[in-house]
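Single-structure report; data block below.
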Amino acid sequence: MPANFAPSSSELLRFSPELILSGAGTLLMILDPFFGKKMPKLFGHLSIVAFILAIFGALAANGDAGPAFSNLLIVDGFATFFRILVLVIGILAVLASYRYLDRENSETSEYHALMLFSVAGQCLMVASNDLIMIFIGLEISSIASYILAGYLRDDKRNNESALKYFLLGSFATGFFLYGIAITYGITASTKLNVIATALNAPGVSLPMIGFAVALMLVGLGFKISGAPFQMWAPDVYQGAPAPVSAFMATAPKAAAFAILLRIFMTSFQQSATLWEPFIWISALASMTIGNFGALTQTNLKRMLAYSSIAHAGYLLVAVAARSEFGTAAAMFYLAAYALMNIGAFGVIIHISGKGEKHVQISDLAGLAQKQPVTAALLTVFLLSLIGVPLTGGFFGKFYIFHAALKANLVWLSVLGLLNSAVAAYYYLRLLVVMYMQEPGEVTNSLEPLTPGLSAALVLPAIGTFFLGILPGAVLTFARSAAIFTR
Amino acid sequence: MDPSQALEMLKNGVPTSWYLTLSALLFSIGVAGFMIRRNIITVFMCIELMLNAVNLSFIAFAHQHKQVSGHLFTFFVMVVAAAEAAVGLAIILTVFKNRSTLNIDEINTLKN
């Protein structure tokens, strides 16, 4: 049979978000010599347009769901959920970046192009049905974010952050890839569903599967910053430009969780006894290290980095539940977490000032007196991070621990809830500084919110309330999408 | 090993497990080097060693399964490794420009 290499129209439609994003990223770099100096904001506007087009592309692809490119990609509800999530994160990150890039006088075209490429990689990896495609998507996403982490070349903190992110990220990639190689050796395939069938066949060497699973867990553990592979996160998030930290703590993490869920629920579901204990331990360790680490921090970005480790721990609880409801709970939590985290970082971008001089917790003193709206928005995000009712964070935690209890993970749930109580302390401390203390030097000389940054704060706040008051719509979609991981 | 055994082995080619052992050894050397060495360039070379050890595994498995796909994966890995090297060396260069050192222990200004 002669091979037909021309992609069909529905294959192109299923691949359209990636095509739009990489096309737009290339266009941005071509336009740079013509408009780079004259209209620095143009590139941000263009990339928002590209993200919105890609969302429409992802929705259209979902209407024509199915595999593409001889089963290398698969567009289903699960892929669509995560594609839309990372695309929305992309829009919010661009909105949060306008003022920051302006303040630092840096080039805008490359920044936005890299962000488009990074999101394109994430869209690709969440829609992959093949370990090699997942690897390529992961690398497209990671390599772009290595550069973004060190975007301000002359800033020493940026350099250090990019170096650490790059070295540990590539180190993790090596492990993940070795895991893929061993899996390929055992099953003679890299397609997720073929692997699942091959592993069920009699005579498969259990220690070899265990070895492959362990290697993949190490690689993915680094990417989601789960303990004991979390040590890079505080340094990297602290050193990177604030909007990039907001992006890195949400989009690559959501995509990494998506592939973790897809690989382990689809391919390694039958060998769960091999990996469940490790997820259990990693969940508990991440929650504990994250929350207790955050208690003593004085730097806001570093504190949020530790908090993101803790949140990875909560998400791992949902993975350990190994049920469709657990998967849906993790998806819901990732959406809620992305909104509240970008919002919190947005406030840091606002107060940090040129050269990010003001990123200490004490710099928030008296914010409520000087800018009550900003303070109120930060309050919403902090309450959601704690998990107070009426916010998305509450239902996220509720569903996760509900799924864990259903799966008989009683001890993990109890320890997780105790951990959330510890977490309340360091979030509430920010509220005390903001509302109870007199305005300091930083808050007195604070500039008013710019339109882009206000959008990056108000939209996540609306989303947080939406998820907290009407969680049904998103949860229903997540539950119908979670079925596809089987 | 006696001569007849060696002759047998020459006829059948080197067994796959030997390649896999070599690959595992190279990978372990890479991991150990990543943790022990203090020069950033050497650390980066250790990462490349890890990726190439994986490539060797892919090729050995592809030979064992009599498949072409395993060979193709190595090309993907090589392309990704090349992109990573370009970005990585650029990052290392900016670090060196701002700090005039390549010792990984001296790059520790973060943490409060």
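Each chain in the structure tokens gets a letter, A, B, ..., in the order shown, and its residues are numbered from 1; ligands are numbered from 1 in order too.
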Specify as a PyMOL selection string all residues of chain A found within 8 Å of chain B, counting only C-alpha atoms. chain A and resi 132+136+139+143+146-147+150+153-154+156-157+159-160+162-163+166-167+170-171+174+177-178+181-182+184-185+188+235+238-239+297-299+302
Env of Leu53 of chain A: 10 Å cut, atoms = only C-alpha atoms, seq-sep filter 6 positions within chain, self excluded. Answer as a list of chain:residue names. A:Ser16, A:Pro17, A:Ile20, A:Leu21, A:Ser47, A:Leu59, A:Leu87
With N, CA and C atoms retained, write the just-selected residues as a CSV table (one decimal), in the first residue's frame.
```
chain,number,residue,atom,x,y,z
A,16,SER,N,-4.5,22.2,14.9
A,16,SER,CA,-4.5,23.6,14.7
A,16,SER,C,-4.0,24.5,15.8
A,17,PRO,N,-4.2,24.2,17.1
A,17,PRO,CA,-3.7,25.1,18.1
A,17,PRO,C,-2.2,25.2,18.0
A,20,ILE,N,-1.2,27.3,14.9
A,20,ILE,CA,-1.5,28.7,15.1
A,20,ILE,C,-0.4,29.3,16.0
A,21,LEU,N,-0.1,28.6,17.1
A,21,LEU,CA,0.9,29.2,18.1
A,21,LEU,C,2.2,29.3,17.5
A,47,SER,N,0.1,38.4,20.4
A,47,SER,CA,0.1,37.0,21.0
A,47,SER,C,-1.2,36.7,21.7
A,59,LEU,N,-11.2,24.3,20.5
A,59,LEU,CA,-12.7,23.9,20.6
A,59,LEU,C,-13.1,23.2,19.3
A,87,LEU,N,-3.7,27.6,27.4
A,87,LEU,CA,-3.9,28.8,26.5
A,87,LEU,C,-4.4,30.0,27.4
```
Determine, counting only C-alpha atoms, which protein, DNA and RNA residues have an atom within 6 Å of an atom of Ala320 of chain A; residues of the same chain fewer than 3 positions away are not included. Present the result as a VMD selection string. chain A and resid 276 279 to 280 317
Pull N, CA and C atoms from the residues just selected and write them as a PDB file, in the first residue's frame.
```
ATOM      1  N   GLU A 276       2.132   3.211  43.154  1.00  0.00           N
ATOM      2  CA  GLU A 276       1.268   3.968  44.069  1.00  0.00           C
ATOM      3  C   GLU A 276       1.971   4.364  45.370  1.00  0.00           C
ATOM      4  N   ILE A 279       3.995   7.531  44.856  1.00  0.00           N
ATOM      5  CA  ILE A 279       3.171   8.739  44.733  1.00  0.00           C
ATOM      6  C   ILE A 279       2.689   9.164  46.118  1.00  0.00           C
ATOM      7  N   TRP A 280       2.298   8.192  46.911  1.00  0.00           N
ATOM      8  CA  TRP A 280       1.813   8.439  48.275  1.00  0.00           C
ATOM      9  C   TRP A 280       2.874   9.193  49.080  1.00  0.00           C
ATOM     10  N   VAL A 317      -1.900  13.770  45.736  1.00  0.00           N
ATOM     11  CA  VAL A 317      -2.903  13.001  46.490  1.00  0.00           C
ATOM     12  C   VAL A 317      -3.982  12.511  45.528  1.00  0.00           C
TER      13      VAL A 317
END
```
To test your reading of the structure, identify every residue in segment 92-330 of chain A that backbone DSSP assigns to alpha helix (DSSP H), and report it as a count of residues only. 189
When you draw a straight line from atom CA of Arg37 of chain B to atom CA of Leu148 of chain A, how long is it in Å?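 Those two atoms sit 26.4 Å apart.
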